[in-house]
Every structure is written in C-alpha cells, then in structure tokens.
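Visitor: Below is one structure. I have some questions about it.
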Amino acid sequence: MQVQSIMTRDPVVVPPDMAIEAVAQLLAQRHISAAFVVDGSGTPIGVVSEGDLIRRLAPAGEEAGLGWLARQMINRDRAATQYVRTHGRHVRDIMSPDVAAVDENAAVGEAVEVIQKRNVRRVAVLRDGRLVGVVSRADLLRVIIAEGDRVGTAGPDQRIQQAVVEEMRRHSWATEHLTSVIVENGIVRLEGYCRSEAARRAICVAAERVEGVRGVEDRMEISPLHDYSLYPQI
C-alpha cells in the first residue's frame with residue numbers, strides 16, 4: 001500500500017509571513033493541531049503547531065529575568081533565537097523548520113518508520129518536492145481499523161493452513177517443524193510444541209491474522225528442548 005492511497009489531500013497550509021493571531025485562529029477553526037508552512041512554489045519549509053503558539057504564553061528562561069552574572073554565562077545566540085520564537089509576530093518566527101516528509105509513492109511502512117524515528121505526529125507527502133498531502137497518526141489508525149492487520153489470503157481451509165505455516169516460517173520464535181496446524185471450517189487448531197509462553201502467544205497471533213480464520217484453538221505444549229537440541233538457532 002502506498003502513502004498516496006491513505007494520505008489526507010489538500011492539507012491546510014500557511015505562508016511564512018502569516019500573522020501569529022491569524023494562524024492561531026485558523027488552527028482553532030479547522031480543529032487541527034498543526035499546519036505546514038510552504039513557500040511560493042508549494043515546497044514545505046516548516047511546521048507551525050499549537051505547541052509553538054502556546055509556548056508564547058509562558059516564555060521559559062527569559063534573559064531579562066536573570067541576574068547580571070547569570071546573563072554573562074548564557075549562550076547569547078540561543079537566547080536571541082528563543083526570544084524570536086516567543087515574541088515573534090509571524091509564522092516564520094515560531095515555526096519548526098525541520099519537516100518530516102516522504103514521497104507520495106513511498107510505502108505506508110516508510111511513513112510509519114519516519115513518524116516513529118522522528119517522534120512526530122504527521123509527515124508531509126511530496127510530489128517532486130511539493131506538498132500534495134499529509135499522513136498523520138490518525139490516518140494510520142484508520143488503516144489498522146480498515147485492514148485489521150490481516151495476511152492477504154482467503155478461501156478454503158487448505159489455503160488458511162498454508163498461510164499460517166508460511167507466516168510461522170518467517171519468524172525465529174516459531175517452530176513450524178514441531179507445531180501442527182490443522183484447519184477445519186475456519187477454526188485453526190495448533191498442536192505439538194512451542195518454545196515458550198511468548199512464542200505460544202505469537203504463534204496464536206500469527207494464526208489470528210490470517211483472513212478467513214474464525215477462531216484459534218491452542219493445544220501446544222512448551223518444550224524448549226525439542227527446539228534447541230535438534231534445531232540450533234542461527
């Protein structure tokens with residue numbers, strides 16, 4: 001699945017010279033927590049959020065409130081930058097210039113990875129460097145609800161059984177050579193052995209993910225010796 005299939009198109013954008021009061025009103029009216037800042041060509045150059053605006057209500061570490069000695073020891077460039085962020089009158093003064101972005105043809109997984117690594121709530125979606133959409137955490141939640149995190153297979157019991165086994169083969173915690181997968185009328189029965197309680201739960205989840213599965217019966221026994229003595233890990 002590509003990002004363009006789940007992104008919110010025509011996202012709210014603002015110019016860098018927009019007044020602070022105007023962007024605050026825009027966010028409140030549209031019920032959004034942030035907007036991308038774009039230049040004249042539509043290229044994103046920053047993000048302005050509720051946090052950027054709220055920061056102005058309680059400026060931290062104001063130089064004017066420090067004593068003479070403390071003022072001599074501060075980083076003056078940092079203090080000047082902080083002053084602009086808390087007292088500036090335009091979006092360009094308070095926006096965060098670091099924009100997290102992905103291409104519209106990127107896989108959804110890439111957007112998830114960017115959101116997690118950058119610890120952001122949304123990523124810009126670009127086409128030839130220009131903003132065409134946004135993918136937020138809310139968009140990703142809708143994908144989970146719609147897709148149900150199911151493996152793409154459906155049909156008779158034999159296909160379900162094959163899908164479960166194939167999924168187990170992809171993971172080191174599964175012991176498909178010691179675990180029997182039996183499917184009858186969409187009910188998956190797991191018999192044989194597994195290495196631990198954690199592996200037991202993972203194997204059950206692997207079965208639950210397969211489309212067409214109506215239920216899972218766990219009849220496995222924990223027997224680490226069966227796994228490690230005959231089939232050493234690589």
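Going through the structure tokens in order, the chains are called A, B, and so on, while each chain numbers its residues from 1 and the ligands are numbered from 1 in the order shown.
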Pull the strand (DSSP E or B) assignments for range 52-225 of chain A out of DSSP run on the backbone, and list those residues as an mmCIF file with C-alpha atoms, in the first residue's frame.
Guide:
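Saved to result-v7.cif:
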```cif
data_model
loop_
_atom_site.group_PDB
_atom_site.id
_atom_site.type_symbol
_atom_site.label_atom_id
_atom_site.label_comp_id
_atom_site.auth_asym_id
_atom_site.auth_seq_id
_atom_site.Cartn_x
_atom_site.Cartn_y
_atom_site.Cartn_z
ATOM 1 C CA HIS A 90 4.869 35.940 12.133
ATOM 2 C CA SER A 96 9.862 24.394 13.375
ATOM 3 C CA ALA A 101 8.429 14.041 4.684
ATOM 4 C CA VAL A 102 8.002 11.063 2.356
ATOM 5 C CA ASP A 103 7.300 10.727 -1.355
ATOM 6 C CA ALA A 107 5.108 2.513 1.112
ATOM 7 C CA ARG A 122 2.455 13.743 10.937
ATOM 8 C CA VAL A 123 4.591 13.610 7.799
ATOM 9 C CA ALA A 124 4.372 15.728 4.671
ATOM 10 C CA VAL A 125 3.715 13.857 1.423
ATOM 11 C CA LEU A 126 5.640 15.247 -1.536
ATOM 12 C CA ARG A 127 5.435 15.075 -5.308
ATOM 13 C CA ARG A 130 5.930 19.990 -3.497
ATOM 14 C CA LEU A 131 3.371 19.286 -0.786
ATOM 15 C CA VAL A 132 0.385 17.243 -2.016
ATOM 16 C CA GLY A 133 -0.850 15.641 1.202
ATOM 17 C CA VAL A 134 -0.201 14.680 4.788
ATOM 18 C CA VAL A 135 -0.201 11.371 6.642
ATOM 19 C CA SER A 136 -0.954 11.627 10.339
ATOM 20 C CA VAL A 151 -2.451 -11.543 5.958
ATOM 21 C CA THR A 179 3.869 -27.315 15.613
ATOM 22 C CA SER A 180 0.986 -28.850 13.677
ATOM 23 C CA VAL A 181 -1.537 -26.505 12.073
ATOM 24 C CA ILE A 182 -4.908 -28.125 11.479
ATOM 25 C CA VAL A 183 -7.803 -26.140 9.989
ATOM 26 C CA GLU A 184 -11.439 -27.197 9.958
ATOM 27 C CA ILE A 187 -11.015 -22.938 13.013
ATOM 28 C CA VAL A 188 -7.245 -23.262 13.404
ATOM 29 C CA ARG A 189 -6.075 -25.938 15.847
ATOM 30 C CA LEU A 190 -2.448 -25.674 16.956
ATOM 31 C CA GLU A 191 -0.919 -28.907 18.267
ATOM 32 C CA GLY A 192 2.595 -30.037 19.108
ATOM 33 C CA TYR A 193 5.268 -27.945 20.776
ATOM 34 C CA CYS A 194 6.433 -24.350 21.170
ATOM 35 C CA VAL A 210 -4.996 -14.788 8.530
ATOM 36 C CA GLY A 215 -11.091 -18.975 15.775
ATOM 37 C CA VAL A 216 -7.874 -20.455 17.156
ATOM 38 C CA GLU A 217 -7.571 -23.448 19.490
ATOM 39 C CA ASP A 218 -4.251 -23.626 21.330
ATOM 40 C CA ARG A 219 -3.260 -27.197 22.229
ATOM 41 C CA MET A 220 0.501 -26.653 22.149
ATOM 42 C CA GLU A 221 2.900 -27.725 24.895
ATOM 43 C CA ILE A 222 6.025 -25.839 25.914
#
```
Visitor: Find the residues around Ala138 in chain A up to 10 Å (only C-alpha atoms counted), leave out those fewer than 4 positions away in its own chain, and share them as a PyMOL selection string.
Guide: chain A and resi 121-122+142-144
Visitor: With distances taken over only C-alpha atoms, which of A:Ile20, A:Gly186, A:Val213, A:Gly129 is nearest to Gly88 in chain A?
Guide: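 Counting only C-alpha atoms, the residue closest to Gly88 in chain A is A:Ile20.
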Visitor: Excluding range 164-166 of chain A and its own-chain neighbours fewer than 3 positions away, which residues fall within 6 Å of it when counting only C-alpha atoms? Please give them as a PDB file with N, CA, C and O atoms, in the first residue's frame.
Guide:
```
ATOM      1  N   GLN A 161      -4.414 -22.892   6.163  1.00  0.00           N
ATOM      2  CA  GLN A 161      -3.328 -23.655   6.778  1.00  0.00           C
ATOM      3  C   GLN A 161      -1.975 -23.280   6.180  1.00  0.00           C
ATOM      4  O   GLN A 161      -0.994 -23.094   6.894  1.00  0.00           O
ATOM      5  N   ARG A 169       7.071 -19.611   9.313  1.00  0.00           N
ATOM      6  CA  ARG A 169       8.409 -19.819   8.758  1.00  0.00           C
ATOM      7  C   ARG A 169       9.222 -18.527   8.679  1.00  0.00           C
ATOM      8  O   ARG A 169      10.450 -18.572   8.608  1.00  0.00           O
ATOM      9  N   ALA A 207      -1.773 -16.952  13.603  1.00  0.00           N
ATOM     10  CA  ALA A 207      -2.947 -17.630  13.058  1.00  0.00           C
ATOM     11  C   ALA A 207      -4.149 -16.695  12.998  1.00  0.00           C
ATOM     12  O   ALA A 207      -4.904 -16.687  12.026  1.00  0.00           O
TER      13      ALA A 207
END
```
Visitor: In terms of the shortest atom-to-atom distance over only C-alpha atoms, which of A:Leu140, A:Val114, A:Val84, A:Val23 is closest to Ser5 in chain A?
Guide: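 Closest to Ser5 in chain A, using only C-alpha atoms: A:Leu140.
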Visitor: Find the residues around range 32-42 of chain A up to 8 Å (only C-alpha atoms counted), leave out those fewer than 4 positions away in its own chain, and share them as a list of chain:residue names.
Guide: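 So, after excluding close chain neighbours, the residues are A:Pro11, A:Val12, A:Val13, A:Val14, A:Pro15, A:Pro16, A:Leu27, A:Ala28, A:Gly46, A:Val47, A:Val48, A:Ser49, A:Glu50, A:Val91, A:Met95, A:Ala124, A:Arg130, A:Leu131.
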Visitor: Write a file of the just-selected residues containing N, CA, C and O atoms, as a PDB file, in the first residue's frame.
Guide:
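Result file out_24.pdb:
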```pdb
ATOM      1  N   PRO A  11      -3.917  19.437   2.252  1.00  0.00           N
ATOM      2  CA  PRO A  11      -3.799  19.779   3.671  1.00  0.00           C
ATOM      3  C   PRO A  11      -3.779  21.291   3.885  1.00  0.00           C
ATOM      4  O   PRO A  11      -3.490  22.064   2.965  1.00  0.00           O
ATOM      5  N   VAL A  12      -4.093  21.699   5.093  1.00  0.00           N
ATOM      6  CA  VAL A  12      -4.064  23.119   5.440  1.00  0.00           C
ATOM      7  C   VAL A  12      -2.615  23.596   5.443  1.00  0.00           C
ATOM      8  O   VAL A  12      -1.752  22.992   6.083  1.00  0.00           O
ATOM      9  N   VAL A  13      -2.344  24.662   4.709  1.00  0.00           N
ATOM     10  CA  VAL A  13      -1.003  25.241   4.662  1.00  0.00           C
ATOM     11  C   VAL A  13      -1.081  26.729   4.948  1.00  0.00           C
ATOM     12  O   VAL A  13      -2.132  27.355   4.770  1.00  0.00           O
ATOM     13  N   VAL A  14       0.038  27.278   5.394  1.00  0.00           N
ATOM     14  CA  VAL A  14       0.106  28.714   5.682  1.00  0.00           C
ATOM     15  C   VAL A  14       1.400  29.274   5.124  1.00  0.00           C
ATOM     16  O   VAL A  14       2.402  28.553   5.010  1.00  0.00           O
ATOM     17  N   PRO A  15       1.422  30.562   4.776  1.00  0.00           N
ATOM     18  CA  PRO A  15       2.655  31.188   4.307  1.00  0.00           C
ATOM     19  C   PRO A  15       3.509  31.616   5.492  1.00  0.00           C
ATOM     20  O   PRO A  15       2.995  31.824   6.602  1.00  0.00           O
ATOM     21  N   PRO A  16       4.814  31.770   5.297  1.00  0.00           N
ATOM     22  CA  PRO A  16       5.700  32.123   6.412  1.00  0.00           C
ATOM     23  C   PRO A  16       5.459  33.516   6.983  1.00  0.00           C
ATOM     24  O   PRO A  16       5.816  33.780   8.135  1.00  0.00           O
ATOM     25  N   LEU A  27      -6.072  27.354  13.079  1.00  0.00           N
ATOM     26  CA  LEU A  27      -5.977  26.037  13.705  1.00  0.00           C
ATOM     27  C   LEU A  27      -7.221  25.742  14.536  1.00  0.00           C
ATOM     28  O   LEU A  27      -7.732  24.615  14.524  1.00  0.00           O
ATOM     29  N   ALA A  28      -7.712  26.762  15.241  1.00  0.00           N
ATOM     30  CA  ALA A  28      -8.897  26.573  16.080  1.00  0.00           C
ATOM     31  C   ALA A  28     -10.135  26.309  15.222  1.00  0.00           C
ATOM     32  O   ALA A  28     -10.941  25.425  15.531  1.00  0.00           O
ATOM     33  N   GLY A  46       8.507  24.338   6.789  1.00  0.00           N
ATOM     34  CA  GLY A  46       8.386  24.271   8.234  1.00  0.00           C
ATOM     35  C   GLY A  46       7.026  23.777   8.672  1.00  0.00           C
ATOM     36  O   GLY A  46       6.148  23.505   7.848  1.00  0.00           O
ATOM     37  N   VAL A  47       6.858  23.664   9.973  1.00  0.00           N
ATOM     38  CA  VAL A  47       5.594  23.260  10.580  1.00  0.00           C
ATOM     39  C   VAL A  47       5.314  24.203  11.740  1.00  0.00           C
ATOM     40  O   VAL A  47       6.211  24.487  12.544  1.00  0.00           O
ATOM     41  N   VAL A  48       4.094  24.688  11.832  1.00  0.00           N
ATOM     42  CA  VAL A  48       3.689  25.511  12.971  1.00  0.00           C
ATOM     43  C   VAL A  48       2.584  24.765  13.702  1.00  0.00           C
ATOM     44  O   VAL A  48       1.620  24.299  13.087  1.00  0.00           O
ATOM     45  N   SER A  49       2.735  24.613  15.008  1.00  0.00           N
ATOM     46  CA  SER A  49       1.808  23.792  15.780  1.00  0.00           C
ATOM     47  C   SER A  49       1.224  24.564  16.956  1.00  0.00           C
ATOM     48  O   SER A  49       1.652  25.678  17.277  1.00  0.00           O
ATOM     49  N   GLU A  50       0.244  23.929  17.588  1.00  0.00           N
ATOM     50  CA  GLU A  50      -0.334  24.509  18.802  1.00  0.00           C
ATOM     51  C   GLU A  50       0.747  24.715  19.854  1.00  0.00           C
ATOM     52  O   GLU A  50       0.730  25.712  20.581  1.00  0.00           O
ATOM     53  N   VAL A  91       4.596  33.655  11.380  1.00  0.00           N
ATOM     54  CA  VAL A  91       4.796  32.216  11.405  1.00  0.00           C
ATOM     55  C   VAL A  91       6.267  31.852  11.273  1.00  0.00           C
ATOM     56  O   VAL A  91       6.762  30.949  11.947  1.00  0.00           O
ATOM     57  N   MET A  95       7.904  28.862  13.724  1.00  0.00           N
ATOM     58  CA  MET A  95       7.750  27.535  13.129  1.00  0.00           C
ATOM     59  C   MET A  95       8.973  26.661  13.385  1.00  0.00           C
ATOM     60  O   MET A  95      10.080  27.153  13.637  1.00  0.00           O
ATOM     61  N   ALA A 124       4.787  15.110   5.929  1.00  0.00           N
ATOM     62  CA  ALA A 124       4.372  15.728   4.671  1.00  0.00           C
ATOM     63  C   ALA A 124       4.540  14.713   3.546  1.00  0.00           C
ATOM     64  O   ALA A 124       5.477  13.912   3.548  1.00  0.00           O
ATOM     65  N   ARG A 130       7.048  19.120  -3.880  1.00  0.00           N
ATOM     66  CA  ARG A 130       5.930  19.990  -3.497  1.00  0.00           C
ATOM     67  C   ARG A 130       4.934  19.217  -2.637  1.00  0.00           C
ATOM     68  O   ARG A 130       4.710  18.026  -2.840  1.00  0.00           O
ATOM     69  N   LEU A 131       4.313  19.913  -1.702  1.00  0.00           N
ATOM     70  CA  LEU A 131       3.371  19.286  -0.786  1.00  0.00           C
ATOM     71  C   LEU A 131       2.064  18.945  -1.485  1.00  0.00           C
ATOM     72  O   LEU A 131       1.420  19.804  -2.076  1.00  0.00           O
TER      73      LEU A 131
END
```
Visitor: Quick check for you: according to DSSP on this backbone, which residues of range 77-224 of chain A are classed as alpha helix (DSSP H)? Reply as a CSV table (one decimal) with N, CA, C and O atoms, in the first residue's frame.
Guide:
```csv
chain,number,residue,atom,x,y,z
A,77,ASP,N,23.4,33.7,21.5
A,77,ASP,CA,22.7,33.4,20.2
A,77,ASP,C,21.5,32.5,20.5
A,77,ASP,O,20.4,32.7,19.9
A,78,ARG,N,21.6,31.6,21.4
A,78,ARG,CA,20.5,30.7,21.8
A,78,ARG,C,19.4,31.6,22.4
A,78,ARG,O,18.2,31.4,22.2
A,79,ALA,N,19.8,32.5,23.3
A,79,ALA,CA,18.8,33.4,23.9
A,79,ALA,C,18.1,34.2,22.9
A,79,ALA,O,16.9,34.5,23.0
A,80,ALA,N,18.8,34.7,21.9
A,80,ALA,CA,18.2,35.5,20.8
A,80,ALA,C,17.2,34.7,20.0
A,80,ALA,O,16.1,35.2,19.7
A,81,THR,N,17.6,33.5,19.7
A,81,THR,CA,16.7,32.6,19.0
A,81,THR,C,15.4,32.3,19.8
A,81,THR,O,14.3,32.3,19.2
A,82,GLN,N,15.6,32.1,21.1
A,82,GLN,CA,14.4,31.8,21.9
A,82,GLN,C,13.5,33.0,22.0
A,82,GLN,O,12.3,32.9,22.1
A,83,TYR,N,14.1,34.2,22.1
A,83,TYR,CA,13.3,35.4,22.1
A,83,TYR,C,12.4,35.6,20.9
A,83,TYR,O,11.3,36.0,21.0
A,84,VAL,N,13.0,35.3,19.7
A,84,VAL,CA,12.2,35.4,18.5
A,84,VAL,C,11.1,34.4,18.5
A,84,VAL,O,10.0,34.7,18.1
A,85,ARG,N,11.3,33.2,19.0
A,85,ARG,CA,10.3,32.1,19.0
A,85,ARG,C,9.1,32.5,20.0
A,85,ARG,O,8.0,32.1,19.7
A,86,THR,N,9.4,33.2,21.0
A,86,THR,CA,8.4,33.5,22.0
A,86,THR,C,7.8,34.9,21.8
A,86,THR,O,6.7,35.2,22.4
A,87,HIS,N,8.4,35.8,21.0
A,87,HIS,CA,7.9,37.1,20.8
A,87,HIS,C,7.7,37.5,19.4
A,87,HIS,O,7.2,38.6,19.1
A,91,VAL,N,4.6,33.7,11.4
A,91,VAL,CA,4.8,32.2,11.4
A,91,VAL,C,6.3,31.9,11.3
A,91,VAL,O,6.8,30.9,11.9
A,92,ARG,N,7.0,32.5,10.4
A,92,ARG,CA,8.4,32.2,10.2
A,92,ARG,C,9.2,32.3,11.5
A,92,ARG,O,10.3,31.7,11.6
A,93,ASP,N,8.7,33.1,12.4
A,93,ASP,CA,9.5,33.3,13.7
A,93,ASP,C,9.3,32.2,14.6
A,93,ASP,O,10.2,31.9,15.5
A,94,ILE,N,8.2,31.5,14.6
A,94,ILE,CA,8.0,30.4,15.6
A,94,ILE,C,7.9,29.0,15.0
A,94,ILE,O,7.9,28.1,15.8
A,108,VAL,N,3.5,2.7,2.9
A,108,VAL,CA,3.0,3.2,4.2
A,108,VAL,C,3.9,2.9,5.3
A,108,VAL,O,4.1,3.7,6.2
A,109,GLY,N,4.6,1.7,5.2
A,109,GLY,CA,5.6,1.4,6.2
A,109,GLY,C,6.7,2.4,6.4
A,109,GLY,O,7.2,2.6,7.5
A,110,GLU,N,7.1,3.0,5.3
A,110,GLU,CA,8.1,4.1,5.3
A,110,GLU,C,7.6,5.3,6.1
A,110,GLU,O,8.3,5.9,6.9
A,111,ALA,N,6.3,5.6,5.9
A,111,ALA,CA,5.8,6.8,6.7
A,111,ALA,C,5.7,6.4,8.2
A,111,ALA,O,6.0,7.3,9.0
A,112,VAL,N,5.4,5.2,8.5
A,112,VAL,CA,5.3,4.7,9.9
A,112,VAL,C,6.7,4.8,10.5
A,112,VAL,O,6.9,5.3,11.6
A,113,GLU,N,7.7,4.4,9.8
A,113,GLU,CA,9.1,4.5,10.2
A,113,GLU,C,9.6,5.9,10.5
A,113,GLU,O,10.2,6.2,11.5
A,114,VAL,N,9.2,6.8,9.6
A,114,VAL,CA,9.6,8.2,9.8
A,114,VAL,C,8.9,8.8,11.0
A,114,VAL,O,9.5,9.5,11.8
A,115,ILE,N,7.6,8.5,11.2
A,115,ILE,CA,6.9,9.0,12.4
A,115,ILE,C,7.5,8.5,13.7
A,115,ILE,O,7.6,9.3,14.6
A,116,GLN,N,7.9,7.2,13.7
A,116,GLN,CA,8.5,6.7,14.9
A,116,GLN,C,9.9,7.2,15.2
A,116,GLN,O,10.2,7.6,16.3
A,117,LYS,N,10.7,7.2,14.1
A,117,LYS,CA,12.1,7.7,14.3
A,117,LYS,C,12.2,9.2,14.7
A,117,LYS,O,13.0,9.6,15.5
A,118,ARG,N,11.3,10.0,14.0
A,118,ARG,CA,11.4,11.4,14.2
A,118,ARG,C,10.5,11.9,15.4
A,118,ARG,O,10.5,13.0,15.8
A,137,ARG,N,-0.9,10.3,12.3
A,137,ARG,CA,-1.1,9.1,13.1
A,137,ARG,C,-2.6,8.7,13.0
A,137,ARG,O,-2.9,7.5,13.0
A,138,ALA,N,-3.5,9.6,12.9
A,138,ALA,CA,-4.9,9.3,12.8
A,138,ALA,C,-5.2,8.5,11.5
A,138,ALA,O,-6.0,7.6,11.4
A,139,ASP,N,-4.5,8.9,10.4
A,139,ASP,CA,-4.6,8.2,9.1
A,139,ASP,C,-4.2,6.8,9.2
A,139,ASP,O,-4.8,5.8,8.7
A,140,LEU,N,-3.1,6.6,10.0
A,140,LEU,CA,-2.6,5.2,10.1
A,140,LEU,C,-3.5,4.4,11.0
A,140,LEU,O,-3.7,3.2,10.7
A,141,LEU,N,-4.1,5.0,12.0
A,141,LEU,CA,-5.1,4.2,12.8
A,141,LEU,C,-6.3,3.8,11.9
A,141,LEU,O,-6.8,2.7,12.1
A,142,ARG,N,-6.7,4.6,11.0
A,142,ARG,CA,-7.8,4.2,10.1
A,142,ARG,C,-7.4,3.0,9.2
A,142,ARG,O,-8.3,2.2,8.9
A,143,VAL,N,-6.2,3.0,8.8
A,143,VAL,CA,-5.7,1.8,8.1
A,143,VAL,C,-5.8,0.6,8.9
A,143,VAL,O,-6.2,-0.5,8.4
A,144,ILE,N,-5.4,0.6,10.2
A,144,ILE,CA,-5.4,-0.5,11.0
A,144,ILE,C,-6.9,-1.0,11.2
A,144,ILE,O,-7.2,-2.2,11.2
A,145,ILE,N,-7.8,-0.1,11.4
A,145,ILE,CA,-9.2,-0.4,11.5
A,145,ILE,C,-9.7,-1.1,10.3
A,145,ILE,O,-10.5,-2.1,10.3
A,146,ALA,N,-9.4,-0.5,9.1
A,146,ALA,CA,-9.9,-1.0,7.8
A,146,ALA,C,-9.3,-2.3,7.4
A,146,ALA,O,-10.0,-3.2,7.0
A,147,GLU,N,-8.0,-2.5,7.7
A,147,GLU,CA,-7.3,-3.7,7.2
A,147,GLU,C,-7.3,-4.8,8.2
A,147,GLU,O,-7.2,-6.0,7.9
A,157,ASP,N,-10.0,-24.1,3.8
A,157,ASP,CA,-9.1,-24.4,5.0
A,157,ASP,C,-7.7,-24.7,4.6
A,157,ASP,O,-6.7,-24.3,5.3
A,158,GLN,N,-7.5,-25.3,3.4
A,158,GLN,CA,-6.1,-25.6,3.0
A,158,GLN,C,-5.3,-24.3,2.8
A,158,GLN,O,-4.1,-24.2,3.2
A,159,ARG,N,-5.9,-23.3,2.2
A,159,ARG,CA,-5.2,-22.0,2.0
A,159,ARG,C,-4.9,-21.3,3.3
A,159,ARG,O,-3.8,-20.7,3.5
A,160,ILE,N,-5.8,-21.4,4.3
A,160,ILE,CA,-5.6,-20.9,5.6
A,160,ILE,C,-4.4,-21.6,6.3
A,160,ILE,O,-3.5,-20.9,6.8
A,161,GLN,N,-4.4,-22.9,6.2
A,161,GLN,CA,-3.3,-23.7,6.8
A,161,GLN,C,-2.0,-23.3,6.2
A,161,GLN,O,-1.0,-23.1,6.9
A,162,GLN,N,-1.9,-23.1,4.9
A,162,GLN,CA,-0.7,-22.8,4.2
A,162,GLN,C,-0.2,-21.4,4.6
A,162,GLN,O,1.0,-21.1,4.8
A,163,ALA,N,-1.2,-20.5,4.8
A,163,ALA,CA,-0.8,-19.1,5.2
A,163,ALA,C,-0.3,-19.0,6.6
A,163,ALA,O,0.7,-18.3,6.9
A,164,VAL,N,-0.8,-19.8,7.5
A,164,VAL,CA,-0.3,-19.8,8.9
A,164,VAL,C,1.1,-20.4,8.9
A,164,VAL,O,2.0,-19.8,9.5
A,165,VAL,N,1.3,-21.5,8.2
A,165,VAL,CA,2.6,-22.1,8.2
A,165,VAL,C,3.6,-21.2,7.6
A,165,VAL,O,4.8,-21.0,8.1
A,166,GLU,N,3.3,-20.5,6.5
A,166,GLU,CA,4.2,-19.6,5.8
A,166,GLU,C,4.6,-18.4,6.7
A,166,GLU,O,5.7,-18.0,6.8
A,167,GLU,N,3.6,-17.9,7.5
A,167,GLU,CA,3.9,-16.8,8.4
A,167,GLU,C,4.8,-17.3,9.6
A,167,GLU,O,5.7,-16.6,10.0
A,168,MET,N,4.6,-18.5,10.0
A,168,MET,CA,5.5,-19.1,11.1
A,168,MET,C,6.9,-19.2,10.6
A,168,MET,O,7.9,-19.0,11.3
A,169,ARG,N,7.1,-19.6,9.3
A,169,ARG,CA,8.4,-19.8,8.8
A,169,ARG,C,9.2,-18.5,8.7
A,169,ARG,O,10.4,-18.6,8.6
A,197,GLU,N,6.1,-19.4,26.5
A,197,GLU,CA,4.8,-18.7,26.6
A,197,GLU,C,4.7,-17.6,25.6
A,197,GLU,O,3.7,-17.4,24.9
A,198,ALA,N,5.8,-16.9,25.4
A,198,ALA,CA,5.9,-15.7,24.5
A,198,ALA,C,5.7,-16.3,23.1
A,198,ALA,O,4.9,-15.7,22.3
A,199,ALA,N,6.4,-17.4,22.8
A,199,ALA,CA,6.2,-18.0,21.4
A,199,ALA,C,4.8,-18.5,21.2
A,199,ALA,O,4.3,-18.4,20.1
A,200,ARG,N,4.2,-19.1,22.3
A,200,ARG,CA,2.9,-19.6,22.2
A,200,ARG,C,1.9,-18.5,21.7
A,200,ARG,O,1.1,-18.6,20.8
A,201,ARG,N,2.0,-17.3,22.4
A,201,ARG,CA,1.1,-16.2,22.1
A,201,ARG,C,1.4,-15.7,20.7
A,201,ARG,O,0.5,-15.4,19.9
A,202,ALA,N,2.7,-15.6,20.3
A,202,ALA,CA,3.0,-15.1,18.9
A,202,ALA,C,2.5,-16.0,17.8
A,202,ALA,O,1.9,-15.6,16.8
A,203,ILE,N,2.5,-17.3,18.1
A,203,ILE,CA,2.0,-18.3,17.1
A,203,ILE,C,0.5,-18.2,17.0
A,203,ILE,O,-0.1,-18.2,15.9
A,204,CYS,N,-0.2,-18.0,18.1
A,204,CYS,CA,-1.6,-17.8,18.1
A,204,CYS,C,-2.0,-16.5,17.3
A,204,CYS,O,-2.9,-16.5,16.5
A,205,VAL,N,-1.2,-15.5,17.5
A,205,VAL,CA,-1.5,-14.2,16.8
A,205,VAL,C,-1.3,-14.4,15.3
A,205,VAL,O,-2.0,-13.8,14.5
A,206,ALA,N,-0.2,-15.1,15.0
A,206,ALA,CA,0.1,-15.4,13.5
A,206,ALA,C,-1.1,-16.0,12.9
A,206,ALA,O,-1.5,-15.7,11.7
A,207,ALA,N,-1.8,-17.0,13.6
A,207,ALA,CA,-2.9,-17.6,13.1
A,207,ALA,C,-4.1,-16.7,13.0
A,207,ALA,O,-4.9,-16.7,12.0
A,208,GLU,N,-4.3,-15.9,14.0
A,208,GLU,CA,-5.5,-15.0,14.1
A,208,GLU,C,-5.4,-13.9,13.0
A,208,GLU,O,-6.5,-13.5,12.5
A,224,PRO,N,11.1,-26.5,25.3
A,224,PRO,CA,12.3,-25.8,24.7
A,224,PRO,C,13.3,-26.8,24.2
A,224,PRO,O,14.0,-26.6,23.2
```
Visitor: For Glu21 in chain A, work out the shell of residues within 10 Å, counting only C-alpha atoms and skipping chain neighbours fewer than 3 positions away, then give it as a list of chain:residue names.
Guide: A:Met18, A:Ala24, A:Gln25, A:Leu26, A:Leu53, A:Arg89, A:His90, A:Val91
Visitor: Just to confirm, what's the straight-line distance from CA of Ala19 in chain A to CA of Asp128 in chain A in Å (one decimal)?
Guide: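 Answer for the CA of Ala19 in chain A to CA of Asp128 in chain A separation: 28.6 Å.
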Visitor: Can you work out the spacing between CA of Pro44 in chain A and CA of Ala100 in chain A in Å, to one decimal?
Guide: 9.7 Å
Visitor: Please, what distance in Å, to one decimal, runs between CA of Ala106 in chain A and CA of Gln4 in chain A?
Guide: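 Distance reported for this atom pair: 8.0 Å.
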